$ cat run-v8.pdb   # PDB, C-alpha atoms
ATOM      1  CA  MET P   1       0.000   0.000   0.000
ATOM      2  CA  SER P   2       1.220   3.498  -0.803
ATOM      3  CA  ASN P   3       2.323   5.721   2.080
ATOM      4  CA  SER P   4      -0.003   8.378   0.656
ATOM      5  CA  ALA P   5      -2.981   6.532   2.135
ATOM      6  CA  SER P   6      -1.555   5.719   5.561
ATOM      7  CA  GLN P   7      -1.905   9.154   7.159
ATOM      8  CA  LYS P   8      -4.517  11.836   7.645
ATOM      9  CA  LYS P   9      -4.971  13.892   4.490
ATOM     10  CA  ASN P  10      -6.249  17.382   3.750
ATOM     11  CA  ILE P  11      -9.109  16.982   1.270
ATOM     12  CA  LEU P  12     -10.814  19.798  -0.635
ATOM     13  CA  ILE P  13     -14.379  19.094  -1.797
ATOM     14  CA  THR P  14     -16.233  21.420  -4.171
ATOM     15  CA  CYS P  15     -20.005  21.912  -4.656
ATOM     16  CA  ALA P  16     -20.327  21.868  -0.880
ATOM     17  CA  GLY P  17     -23.990  22.888  -0.865
ATOM     18  CA  GLY P  18     -25.167  19.551  -2.323
ATOM     19  CA  GLY P  19     -26.309  16.464  -0.433
ATOM     20  CA  GLY P  20     -23.683  14.146  -1.959
ATOM     21  CA  PRO P  21     -20.679  16.349  -1.121
ATOM     22  CA  ILE P  22     -22.061  16.975   2.391
ATOM     23  CA  PHE P  23     -22.348  13.241   3.042
ATOM     24  CA  LEU P  24     -18.855  12.745   1.619
ATOM     25  CA  ALA P  25     -17.435  15.510   3.810
ATOM     26  CA  ARG P  26     -18.928  14.022   6.951
ATOM     27  CA  GLU P  27     -17.665  10.534   6.163
ATOM     28  CA  LEU P  28     -14.170  11.657   5.167
ATOM     29  CA  GLY P  29     -14.082  14.029   8.134
ATOM     30  CA  LYS P  30     -13.973  11.034  10.478
ATOM     31  CA  SER P  31     -10.422  10.213   9.343
ATOM     32  CA  HIS P  32      -9.160  13.258   7.437
ATOM     33  CA  ASN P  33      -9.172  17.048   7.438
ATOM     34  CA  VAL P  34     -11.931  18.236   5.104
ATOM     35  CA  PHE P  35     -12.180  21.679   3.486
ATOM     36  CA  LEU P  36     -15.235  22.839   1.547
ATOM     37  CA  VAL P  37     -15.764  25.288  -1.314
ATOM     38  CA  ASP P  38     -18.777  26.285  -3.365
ATOM     39  CA  GLY P  39     -19.740  28.884  -5.955
ATOM     40  CA  GLY P  40     -22.358  30.217  -3.535
ATOM     41  CA  ASP P  41     -22.599  30.687   0.194
ATOM     42  CA  GLN P  42     -26.380  30.755   0.655
ATOM     43  CA  ASN P  43     -26.489  27.032   1.288
ATOM     44  CA  ALA P  44     -25.551  24.520   3.962
ATOM     45  CA  GLY P  45     -21.843  24.516   3.081
ATOM     46  CA  PRO P  46     -20.666  27.278   5.449
ATOM     47  CA  HIS P  47     -22.597  25.802   8.395
ATOM     48  CA  LEU P  48     -21.279  22.233   8.585
ATOM     49  CA  GLY P  49     -18.316  22.802  10.869
ATOM     50  CA  PHE P  50     -15.660  22.514   8.159
ATOM     51  CA  PRO P  51     -13.465  25.344   6.839
ATOM     52  CA  PHE P  52     -15.438  26.893   3.967
ATOM     53  CA  GLN P  53     -14.625  29.323   1.157
ATOM     54  CA  LYS P  54     -16.843  30.771  -1.540
ATOM     55  CA  ILE P  55     -15.072  30.563  -4.918
ATOM     56  CA  PRO P  56     -15.851  31.401  -8.565
ATOM     57  CA  PHE P  57     -17.854  28.821 -10.482
ATOM     58  CA  GLY P  58     -15.992  26.223 -12.539
ATOM     59  CA  ASN P  59     -16.632  28.001 -15.836
ATOM     60  CA  SER P  60     -15.054  31.236 -14.546
ATOM     61  CA  PRO P  61     -11.514  32.173 -15.635
ATOM     62  CA  GLU P  62     -10.814  32.830 -11.926
ATOM     63  CA  PHE P  63     -11.731  29.311 -10.778
ATOM     64  CA  SER P  64      -8.279  27.752 -11.243
ATOM     65  CA  LYS P  65      -6.503  30.604  -9.492
ATOM     66  CA  ALA P  66      -8.848  30.329  -6.513
ATOM     67  CA  ILE P  67      -8.310  26.563  -6.235
ATOM     68  CA  LYS P  68      -4.523  26.905  -6.514
ATOM     69  CA  ASN P  69      -4.508  29.524  -3.749
ATOM     70  CA  LEU P  70      -6.553  27.299  -1.451
ATOM     71  CA  VAL P  71      -4.397  24.249  -2.209
ATOM     72  CA  GLU P  72      -1.421  26.253  -0.972
ATOM     73  CA  LYS P  73      -3.223  27.923   1.959
ATOM     74  CA  TRP P  74      -4.827  24.732   3.279
ATOM     75  CA  LYS P  75      -1.964  22.410   2.225
ATOM     76  CA  ILE P  76      -4.383  20.231   0.281
ATOM     77  CA  ASP P  77      -3.402  16.643  -0.547
ATOM     78  CA  CYS P  78      -6.446  15.636  -2.633
ATOM     79  CA  LEU P  79      -8.972  17.556  -4.772
ATOM     80  CA  VAL P  80     -12.514  16.232  -5.184
ATOM     81  CA  PRO P  81     -14.448  18.321  -7.752
ATOM     82  CA  GLY P  82     -18.180  17.835  -8.123
ATOM     83  CA  ALA P  83     -19.261  19.825 -11.190
ATOM     84  CA  ASP P  84     -18.571  19.070 -14.845
ATOM     85  CA  GLU P  85     -17.307  22.616 -15.472
ATOM     86  CA  GLU P  86     -14.578  22.094 -12.867
ATOM     87  CA  LEU P  87     -13.154  18.862 -14.232
ATOM     88  CA  LEU P  88     -10.835  20.047 -17.006
ATOM     89  CA  PRO P  89      -9.467  22.984 -14.951
ATOM     90  CA  VAL P  90      -8.756  20.603 -12.063
ATOM     91  CA  ALA P  91      -7.123  18.090 -14.434
ATOM     92  CA  LYS P  92      -4.800  20.866 -15.607
ATOM     93  CA  ILE P  93      -3.966  21.846 -12.006
ATOM     94  CA  LEU P  94      -3.075  18.220 -11.269
ATOM     95  CA  GLU P  95      -0.889  18.025 -14.366
ATOM     96  CA  GLU P  96       1.013  21.085 -13.151
ATOM     97  CA  ASN P  97       1.377  19.666  -9.631
ATOM     98  CA  PRO P  98       2.281  15.940  -9.731
ATOM     99  CA  LYS P  99       2.377  15.699  -5.913
ATOM    100  CA  LEU P 100      -1.285  16.692  -5.658
ATOM    101  CA  MET P 101      -3.896  13.927  -5.823
ATOM    102  CA  GLY P 102      -7.273  14.444  -7.480
ATOM    103  CA  THR P 103     -10.132  12.064  -8.164
ATOM    104  CA  VAL P 104     -10.724  13.286 -11.737
ATOM    105  CA  PRO P 105      -9.932  11.071 -14.740
ATOM    106  CA  SER P 106      -7.550  12.052 -17.525
ATOM    107  CA  ALA P 107      -8.276  15.184 -19.561
ATOM    108  CA  ASP P 108      -8.851  13.062 -22.689
ATOM    109  CA  PHE P 109     -11.467  10.922 -20.942
ATOM    110  CA  ILE P 110     -13.155  13.980 -19.431
ATOM    111  CA  SER P 111     -13.375  15.662 -22.844
ATOM    112  CA  LEU P 112     -14.809  12.511 -24.416
ATOM    113  CA  CYS P 113     -17.503  12.114 -21.756
ATOM    114  CA  LEU P 114     -18.546  15.773 -21.707
ATOM    115  CA  ASN P 115     -19.318  15.611 -25.435
ATOM    116  CA  LYS P 116     -22.294  13.257 -25.277
ATOM    117  CA  LYS P 117     -22.641  12.919 -29.046
ATOM    118  CA  ARG P 118     -19.000  12.006 -29.554
ATOM    119  CA  LEU P 119     -19.157   9.610 -26.601
ATOM    120  CA  MET P 120     -22.084   7.731 -28.149
ATOM    121  CA  GLU P 121     -20.204   7.492 -31.455
ATOM    122  CA  GLU P 122     -17.056   6.140 -29.796
ATOM    123  CA  LEU P 123     -18.943   3.604 -27.676
ATOM    124  CA  SER P 124     -20.750   2.362 -30.792
ATOM    125  CA  LYS P 125     -17.572   2.215 -32.887
ATOM    126  CA  ASP P 126     -15.832   0.202 -30.182
ATOM    127  CA  GLY P 127     -18.732  -2.232 -29.756
ATOM    128  CA  ILE P 128     -19.405  -1.275 -26.136
ATOM    129  CA  SER P 129     -22.872   0.292 -26.459
ATOM    130  CA  ASN P 130     -25.047   1.278 -29.395
ATOM    131  CA  LEU P 131     -27.289   4.256 -28.670
ATOM    132  CA  LEU P 132     -26.462   6.602 -31.513
ATOM    133  CA  GLY P 133     -28.400   9.791 -32.015
ATOM    134  CA  PHE P 134     -30.745  10.284 -34.964
ATOM    135  CA  LYS P 135     -28.905  12.068 -37.770
ATOM    136  CA  GLU P 136     -31.854  14.086 -39.054
ATOM    137  CA  LYS P 137     -35.140  15.282 -37.658
ATOM    138  CA  LYS P 138     -37.100  13.209 -40.175
ATOM    139  CA  ASP P 139     -35.405  10.030 -38.931
ATOM    140  CA  VAL P 140     -36.594  10.344 -35.327
ATOM    141  CA  VAL P 141     -38.679   7.457 -34.011
ATOM    142  CA  TYR P 142     -40.887   8.417 -31.075
ATOM    143  CA  PRO P 143     -40.784   8.296 -28.140
ATOM    144  CA  ALA P 144     -37.240   9.654 -28.054
ATOM    145  CA  ILE P 145     -34.978  11.352 -25.553
ATOM    146  CA  ILE P 146     -33.446  14.726 -26.275
ATOM    147  CA  LYS P 147     -30.776  16.676 -24.401
ATOM    148  CA  PRO P 148     -27.861  19.073 -24.964
ATOM    149  CA  ILE P 149     -24.651  17.634 -26.385
ATOM    150  CA  PHE P 150     -22.861  19.464 -23.588
ATOM    151  CA  GLY P 151     -24.482  19.826 -20.179
ATOM    152  CA  ARG P 152     -24.661  18.128 -16.821
ATOM    153  CA  GLY P 153     -27.270  16.272 -14.863
ATOM    154  CA  SER P 154     -30.823  16.244 -16.155
ATOM    155  CA  ARG P 155     -30.776  19.854 -17.363
ATOM    156  CA  GLN P 156     -32.810  20.241 -20.557
ATOM    157  CA  PHE P 157     -33.339  16.465 -20.667
ATOM    158  CA  HIS P 158     -36.778  15.543 -21.994
ATOM    159  CA  ILE P 159     -38.684  12.548 -23.295
ATOM    160  CA  ILE P 160     -40.558  13.653 -26.407
ATOM    161  CA  LYS P 161     -43.514  11.732 -27.810
ATOM    162  CA  ASN P 162     -44.090  13.330 -31.222
ATOM    163  CA  ALA P 163     -42.868  15.888 -33.762
ATOM    164  CA  ASP P 164     -44.809  18.719 -32.104
ATOM    165  CA  GLU P 165     -43.002  18.121 -28.816
ATOM    166  CA  MET P 166     -39.717  18.065 -30.732
ATOM    167  CA  GLU P 167     -40.426  21.501 -32.205
ATOM    168  CA  GLY P 168     -41.549  22.761 -28.810
ATOM    169  CA  TYR P 169     -38.285  21.620 -27.229
ATOM    170  CA  LEU P 170     -36.131  23.290 -29.888
ATOM    171  CA  LYS P 171     -38.109  26.524 -29.607
ATOM    172  CA  LEU P 172     -38.060  26.518 -25.796
ATOM    173  CA  TYR P 173     -34.266  26.232 -25.609
ATOM    174  CA  GLY P 174     -33.453  28.114 -28.824
ATOM    175  CA  GLU P 175     -31.613  25.147 -30.315
ATOM    176  CA  LYS P 176     -31.230  23.623 -33.768
ATOM    177  CA  PHE P 177     -31.688  19.877 -34.186
ATOM    178  CA  GLU P 178     -28.054  19.383 -35.187
ATOM    179  CA  ASP P 179     -26.917  21.024 -31.932
ATOM    180  CA  VAL P 180     -28.736  18.597 -29.608
ATOM    181  CA  LEU P 181     -28.573  14.852 -29.082
ATOM    182  CA  CYS P 182     -31.772  12.996 -29.869
ATOM    183  CA  GLN P 183     -31.698   9.243 -29.225
ATOM    184  CA  PRO P 184     -34.102   6.308 -29.160
ATOM    185  CA  TYR P 185     -35.962   5.895 -25.888
ATOM    186  CA  ILE P 186     -34.950   2.569 -24.385
ATOM    187  CA  GLU P 187     -37.183   0.579 -22.074
ATOM    188  CA  GLY P 188     -35.502  -1.592 -19.480
ATOM    189  CA  VAL P 189     -33.942  -1.502 -16.041
ATOM    190  CA  GLU P 190     -31.879   1.604 -15.250
ATOM    191  CA  TYR P 191     -28.603   1.523 -13.324
ATOM    192  CA  THR P 192     -26.102   4.062 -12.121
ATOM    193  CA  VAL P 193     -22.638   2.528 -11.802
ATOM    194  CA  SER P 194     -19.647   3.743  -9.802
ATOM    195  CA  VAL P 195     -16.379   2.679 -11.439
ATOM    196  CA  ILE P 196     -13.396   3.207  -9.147
ATOM    197  CA  VAL P 197     -10.054   3.412 -10.934
ATOM    198  CA  ASN P 198      -6.732   4.686  -9.615
ATOM    199  CA  ASN P 199      -4.300   7.058 -11.310
ATOM    200  CA  LYS P 200      -2.444   4.115 -12.881
ATOM    201  CA  ASN P 201      -5.725   2.971 -14.496
ATOM    202  CA  LYS P 202      -5.960  -0.040 -12.201
ATOM    203  CA  LEU P 203      -9.535  -1.066 -11.474
ATOM    204  CA  ILE P 204     -10.435  -1.028  -7.784
ATOM    205  CA  GLY P 205     -14.138  -1.777  -8.018
ATOM    206  CA  ILE P 206     -17.421  -1.651  -9.934
ATOM    207  CA  VAL P 207     -20.615  -0.853  -8.022
ATOM    208  CA  PRO P 208     -23.901  -1.239  -9.950
ATOM    209  CA  LYS P 209     -26.899   0.443  -8.308
ATOM    210  CA  ARG P 210     -30.345  -0.316  -9.698
ATOM    211  CA  ILE P 211     -32.481   2.817  -9.715
ATOM    212  CA  ILE P 212     -35.834   2.503  -8.000
ATOM    213  CA  GLU P 213     -36.963   6.121  -8.262
ATOM    214  CA  LYS P 214     -35.436   9.077 -10.070
ATOM    215  CA  ARG P 215     -36.596  12.685  -9.998
ATOM    216  CA  GLY P 216     -33.796  14.795 -11.432
ATOM    217  CA  ILE P 217     -31.374  12.874  -9.236
ATOM    218  CA  THR P 218     -31.728   9.323  -7.943
ATOM    219  CA  ARG P 219     -34.076   9.299  -4.943
ATOM    220  CA  SER P 220     -33.884   5.572  -4.184
ATOM    221  CA  ALA P 221     -31.679   2.740  -5.404
ATOM    222  CA  VAL P 222     -30.220  -0.614  -4.382
ATOM    223  CA  SER P 223     -26.776  -2.157  -4.837
ATOM    224  CA  GLU P 224     -26.962  -5.152  -7.147
ATOM    225  CA  TYR P 225     -24.302  -7.323  -8.797
ATOM    226  CA  SER P 226     -24.437  -7.600 -12.602
ATOM    227  CA  GLN P 227     -21.932  -9.525 -14.694
ATOM    228  CA  ILE P 228     -22.936  -7.745 -17.907
ATOM    229  CA  ILE P 229     -22.384  -4.345 -16.241
ATOM    230  CA  ASN P 230     -19.010  -5.519 -14.924
ATOM    231  CA  ASP P 231     -17.967  -6.584 -18.425
ATOM    232  CA  VAL P 232     -18.993  -3.264 -19.991
ATOM    233  CA  SER P 233     -17.306  -1.253 -17.231
ATOM    234  CA  ARG P 234     -14.056  -3.182 -17.639
ATOM    235  CA  ALA P 235     -14.176  -2.616 -21.387
ATOM    236  CA  ILE P 236     -14.453   1.150 -20.835
ATOM    237  CA  VAL P 237     -11.479   1.132 -18.439
ATOM    238  CA  GLU P 238      -9.339  -0.898 -20.850
ATOM    239  CA  LYS P 239     -10.310   1.053 -23.974
ATOM    240  CA  TYR P 240     -10.346   4.661 -22.742
ATOM    241  CA  ASN P 241      -7.733   4.647 -19.971
ATOM    242  CA  PRO P 242      -9.674   6.944 -17.588
ATOM    243  CA  LYS P 243      -7.214   6.926 -14.647
ATOM    244  CA  GLY P 244      -9.818   8.213 -12.205
ATOM    245  CA  LEU P 245     -13.305   7.871 -10.781
ATOM    246  CA  PHE P 246     -16.333   7.895 -13.080
ATOM    247  CA  ASN P 247     -20.007   6.960 -13.143
ATOM    248  CA  ILE P 248     -22.004   5.251 -15.907
ATOM    249  CA  GLN P 249     -25.725   5.801 -16.533
ATOM    250  CA  LEU P 250     -27.209   2.875 -18.446
ATOM    251  CA  LYS P 251     -30.195   0.630 -19.054
ATOM    252  CA  ILE P 252     -30.371  -3.114 -19.602
ATOM    253  CA  PHE P 253     -33.043  -4.244 -22.058
ATOM    254  CA  LYS P 254     -33.368  -7.859 -23.189
ATOM    255  CA  GLY P 255     -29.847  -8.632 -22.011
ATOM    256  CA  VAL P 256     -28.249  -5.707 -23.861
ATOM    257  CA  VAL P 257     -26.549  -2.729 -22.181
ATOM    258  CA  TYR P 258     -27.369   0.751 -23.471
ATOM    259  CA  ILE P 259     -25.160   3.503 -22.058
ATOM    260  CA  PHE P 260     -26.693   6.959 -22.258
ATOM    261  CA  GLU P 261     -24.163   8.909 -20.220
ATOM    262  CA  ILE P 262     -20.777   8.660 -18.528
ATOM    263  CA  ASN P 263     -20.022  11.243 -15.847
ATOM    264  CA  PRO P 264     -16.247  11.589 -15.346
ATOM    265  CA  ARG P 265     -16.635  12.368 -11.629
ATOM    266  CA  LEU P 266     -18.369  11.157  -8.492
ATOM    267  CA  SER P 267     -22.121  10.849  -8.791
ATOM    268  CA  THR P 268     -24.782  11.746  -6.246
ATOM    269  CA  THR P 269     -25.167   8.004  -5.583
ATOM    270  CA  SER P 270     -21.582   7.762  -4.325
ATOM    271  CA  VAL P 271     -23.307   7.776  -0.919
ATOM    272  CA  LEU P 272     -24.648   4.284  -1.721
ATOM    273  CA  THR P 273     -21.253   3.177  -3.029
ATOM    274  CA  ASP P 274     -19.836   4.212   0.352
ATOM    275  CA  LYS P 275     -22.158   1.844   2.213
ATOM    276  CA  SER P 276     -22.180  -1.068  -0.249
ATOM    277  CA  PHE P 277     -18.492  -1.106  -1.257
ATOM    278  CA  GLY P 278     -16.379   1.657   0.225
ATOM    279  CA  ASN P 279     -15.674   5.367   0.127
ATOM    280  CA  GLU P 280     -14.519   6.194  -3.395
ATOM    281  CA  VAL P 281     -12.180   9.000  -2.346
ATOM    282  CA  GLU P 282     -10.556   6.932   0.406
ATOM    283  CA  LEU P 283     -10.125   3.997  -1.971
ATOM    284  CA  TYR P 284      -8.605   6.267  -4.607
ATOM    285  CA  MET P 285      -6.103   7.604  -2.055
ATOM    286  CA  LYS P 286      -5.416   4.158  -0.593
ATOM    287  CA  TYR P 287      -4.470   2.689  -3.969
ATOM    288  CA  TYR P 288      -2.890   5.834  -5.437
ATOM    289  CA  ASP P 289       0.175   4.992  -7.547
ATOM    290  CA  GLU P 290      -0.330   1.246  -6.978
ATOM    291  CA  GLU P 291       0.241  -1.084  -9.932
ATOM    292  CA  THR P 292      -1.544  -3.963  -8.194
ATOM    293  CA  ILE P 293      -4.830  -3.671  -6.315
ATOM    294  CA  ILE P 294      -4.465  -5.921  -3.258
ATOM    295  CA  ASN P 295      -7.499  -6.932  -1.181
ATOM    296  CA  PRO P 296     -10.085  -4.500  -2.577
ATOM    297  CA  PRO P 297     -13.519  -4.479  -0.875
ATOM    298  CA  LYS P 298     -16.297  -6.836  -1.922
ATOM    299  CA  LEU P 299     -19.689  -5.590  -3.064
ATOM    300  CA  LYS P 300     -22.476  -5.818  -0.505
ATOM    301  CA  GLU P 301     -25.711  -6.467  -2.358
ATOM    302  CA  LYS P 302     -29.198  -5.366  -1.353
ATOM    303  CA  ILE P 303     -28.081  -2.159   0.372
ATOM    304  CA  PHE P 304     -30.892   0.325  -0.208
ATOM    305  CA  LEU P 305     -30.598   4.104  -0.526
ATOM    306  CA  TYR P 306     -33.601   6.305   0.298
ATOM    307  CA  ARG P 307     -32.723   9.962  -0.137
ATOM    308  CA  TYR P 308     -34.347  12.796   1.780
ATOM    309  CA  ASP P 309     -33.721  16.484   2.410
ATOM    310  CA  GLU P 310     -32.200  17.807   5.618
ATOM    311  CA  ASN P 311     -32.703  21.277   7.050
ATOM    312  CA  ILE P 312     -30.189  23.608   8.680
ATOM    313  CA  PHE P 313     -31.273  26.759  10.542
ATOM    314  CA  VAL P 314     -28.820  29.484  11.524
TER     315      VAL P 314
END

$ encode --input "run-v8.pdb" --output "structure tokens"
Amino acid sequence: MSNSASQKKNILITCAGGGGPIFLARELGKSHNVFLVDGGDQNAGPHLGFPFQKIPFGNSPEFSKAIKNLVEKWKIDCLVPGADEELLPVAKILEENPKLMGTVPSADFISLCLNKKRLMEELSKDGISNLLGFKEKKDVVYPAIIKPIFGRGSRQFHIIKNADEMEGYLKLYGEKFEDVLCQPYIEGVEYTVSVIVNNKNKLIGIVPKRIIEKRGITRSAVSEYSQIINDVSRAIVEKYNPKGLFNIQLKIFKGVVYIFEINPRLSTTSVLTDKSFGNEVELYMKYYDEETIINPPKLKEKIFLYRYDENIFV
């Protein structure tokens, strides 16, 4: 085991106003020093008992400078970004500072995943998943799903049932058909999958979580082993060399896996990964720089997540 994992670390977590990062901070805070940042301060982040700093959002030119200053001020050992806009800037910071750990994958993998259209094309070309977008508006078979080519979470994601709804979507968001991704709607069982990979691209674990209820984010889910998901996840690691944590959104229909998104970061369901397998950040640090993954955790099946909101009053 690397010495980097054997002592208390200073960990900086972004997006500190969200439920996932708050859970992560509390868990990691039991063994490490946790520092929180967020683009806003009118949220729970400043009131959790951890050092907190408001910073520019990830798409701001000032974001990287702010993070670098805090890395130096707080003597940060590991960066844990939570928003898509932060990933490439953080990857660049890590490239400039080899002694600094960060849970993000490689810049190439991040760029591939953030371009949803290109990702679908690559997955299809490599025989991993086939969920290509319709090339022209006249080719669309309804129902279909439609979303931005670039964009995080469920923002501007819709299921459209006919051509009128298609036109309504394009008008609502001021988009042209060629600038969005419109794909077949797939029935089946939906999963969100944590794939834990270290900086040497060595696979630590795969944690499939079957979604029970989803409203924007996953509200309830259960850990569940799946050989077909394991095979697809391993293929992604071997083919695209991510070298970091990522999450796959997929459906299984008639024994076939259809991937509709890969998030090159921790997902909101990392809280369930924590309880059914292990803390992704701690595992990343534990196996950092290791060429062989010795005694990784084993998946605990049938661990249920039921998400709720918590209130803080100050």

$ residues_around --input "run-v8.pdb" --residues "Thr192 in chain P" --least-positions-apart "6" --cutoff "6 Å" --atoms "all atoms listed in the file" --output "PyMOL selection string"
chain P and resi 209+248-249

$ closest_residue --input "run-v8.pdb" --among "P:Leu283, P:Cys15, P:Leu123, P:Val34" --to "Tyr240 in chain P" --atoms "only C-alpha atoms"
P:Leu123

$ resolve_selection --input "run-v8.pdb" --expression "the PyMOL selection byres ((chain P and resi 151-161) around 10)" --output "number ranges by chain"
P: 83-85, 114-116, 141-150, 162-169, 172-173, 181-185, 215-217, 261, 263, 267

$ resolve_selection --input "run-v8.pdb" --expression "the PyMOL selection byres ((chain P and resi 54-59) around 10)" --output "JSON, numbers by chain"
{"P": [14, 15, 16, 36, 37, 38, 39, 40, 41, 42, 45, 46, 52, 53, 60, 61, 62, 63, 64, 65, 66, 67, 70, 81, 82, 83, 84, 85, 86, 87, 88, 89, 90]}

$ residues_near_point --input "run-v8.pdb" --point "(-3.2, 1.2, -9.4)" --cutoff "8 Å" --atoms "all atoms listed in the file" --output "list in words"
Val197, Asn198, Asn199, Lys200, Asn201, Lys202, Leu203, Ile204, Tyr287, Tyr288, Asp289, Glu290, Glu291, Thr292 and Ile293 of chain P

$ atom_distance --input "run-v8.pdb" --atom1 "CA of Lys171 in chain P" --atom2 "CA of Arg118 in chain P"
24.0 Å

$ closest_residue --input "run-v8.pdb" --among "P:Asn33, P:Ser111, P:Ser223, P:Asn43" --to "Trp74 in chain P" --atoms "only C-alpha atoms"
P:Asn33

$ resolve_selection --input "run-v8.pdb" --expression "the PyMOL selection byres ((chain P and resi 189) around 12)" --output "list in words"
Ile186, Glu187, Gly188, Glu190, Tyr191, Thr192, Pro208, Lys209, Arg210, Ile211, Ile212, Glu213, Ala221, Glu224, Ser226, Ile229, Gln249, Leu250, Lys251, Ile252, Phe253, Lys254, Gly255, Val256, Val257, Tyr258 and Ile259 of chain P

$ closest_residue --input "run-v8.pdb" --among "P:Glu301, P:Val80, P:Gly174, P:Phe246" --to "Leu28 in chain P" --atoms "only C-alpha atoms"
P:Val80

$ closest_residue --input "run-v8.pdb" --among "P:Ser124, P:Asn10, P:Thr103, P:Asn247" --to "Ser233 in chain P" --atoms "only C-alpha atoms"
P:Asn247

$ closest_residue --input "run-v8.pdb" --among "P:Gly205, P:Gly49, P:Gly20, P:Gly102" --to "Asn295 in chain P" --atoms "only C-alpha atoms"
P:Gly205

$ build_atoms --input "run-v8.pdb" --residues "range 94-111 of chain P" --atoms "N, CA and C atoms" --output "short mmCIF file (atom, residue, chain, number, x, y, z; two decimals), in the coordinates of the input"
data_model
loop_
_atom_site.label_atom_id
_atom_site.label_comp_id
_atom_site.auth_asym_id
_atom_site.auth_seq_id
_atom_site.Cartn_x
_atom_site.Cartn_y
_atom_site.Cartn_z
N LEU P 94 -3.77 19.45 -11.67
CA LEU P 94 -3.08 18.22 -11.27
C LEU P 94 -1.87 17.93 -12.16
N GLU P 95 -2.01 18.22 -13.43
CA GLU P 95 -0.89 18.02 -14.37
C GLU P 95 0.28 18.92 -14.00
N GLU P 96 -0.03 20.13 -13.53
CA GLU P 96 1.01 21.08 -13.15
C GLU P 96 1.63 20.77 -11.79
N ASN P 97 0.92 19.97 -10.99
CA ASN P 97 1.38 19.67 -9.63
C ASN P 97 1.31 18.16 -9.39
N PRO P 98 2.31 17.40 -9.81
CA PRO P 98 2.28 15.94 -9.73
C PRO P 98 2.14 15.40 -8.32
N LYS P 99 2.48 16.17 -7.29
CA LYS P 99 2.38 15.70 -5.91
C LYS P 99 0.96 15.80 -5.37
N LEU P 100 0.09 16.50 -6.08
CA LEU P 100 -1.28 16.69 -5.66
C LEU P 100 -2.17 15.59 -6.23
N MET P 101 -2.95 14.94 -5.36
CA MET P 101 -3.90 13.93 -5.82
C MET P 101 -5.21 14.59 -6.19
N GLY P 102 -5.95 13.96 -7.10
CA GLY P 102 -7.27 14.44 -7.48
C GLY P 102 -8.06 13.30 -8.08
N THR P 103 -9.33 13.23 -7.77
CA THR P 103 -10.13 12.06 -8.16
C THR P 103 -10.58 12.10 -9.62
N VAL P 104 -10.25 13.16 -10.36
CA VAL P 104 -10.72 13.29 -11.74
C VAL P 104 -9.97 12.34 -12.68
N PRO P 105 -10.62 11.86 -13.71
CA PRO P 105 -9.93 11.07 -14.74
C PRO P 105 -9.00 11.94 -15.59
N SER P 106 -8.44 11.33 -16.62
CA SER P 106 -7.55 12.05 -17.52
C SER P 106 -8.33 13.10 -18.32
N ALA P 107 -7.63 14.12 -18.79
CA ALA P 107 -8.28 15.18 -19.56
C ALA P 107 -8.92 14.63 -20.83
N ASP P 108 -8.28 13.65 -21.47
CA ASP P 108 -8.85 13.06 -22.69
C ASP P 108 -10.18 12.37 -22.40
N PHE P 109 -10.24 11.63 -21.30
CA PHE P 109 -11.47 10.92 -20.94
C PHE P 109 -12.56 11.91 -20.54
N ILE P 110 -12.18 12.94 -19.81
CA ILE P 110 -13.16 13.98 -19.43
C ILE P 110 -13.76 14.61 -20.69
N SER P 111 -12.90 15.01 -21.62
CA SER P 111 -13.38 15.66 -22.84
C SER P 111 -14.30 14.75 -23.65
#
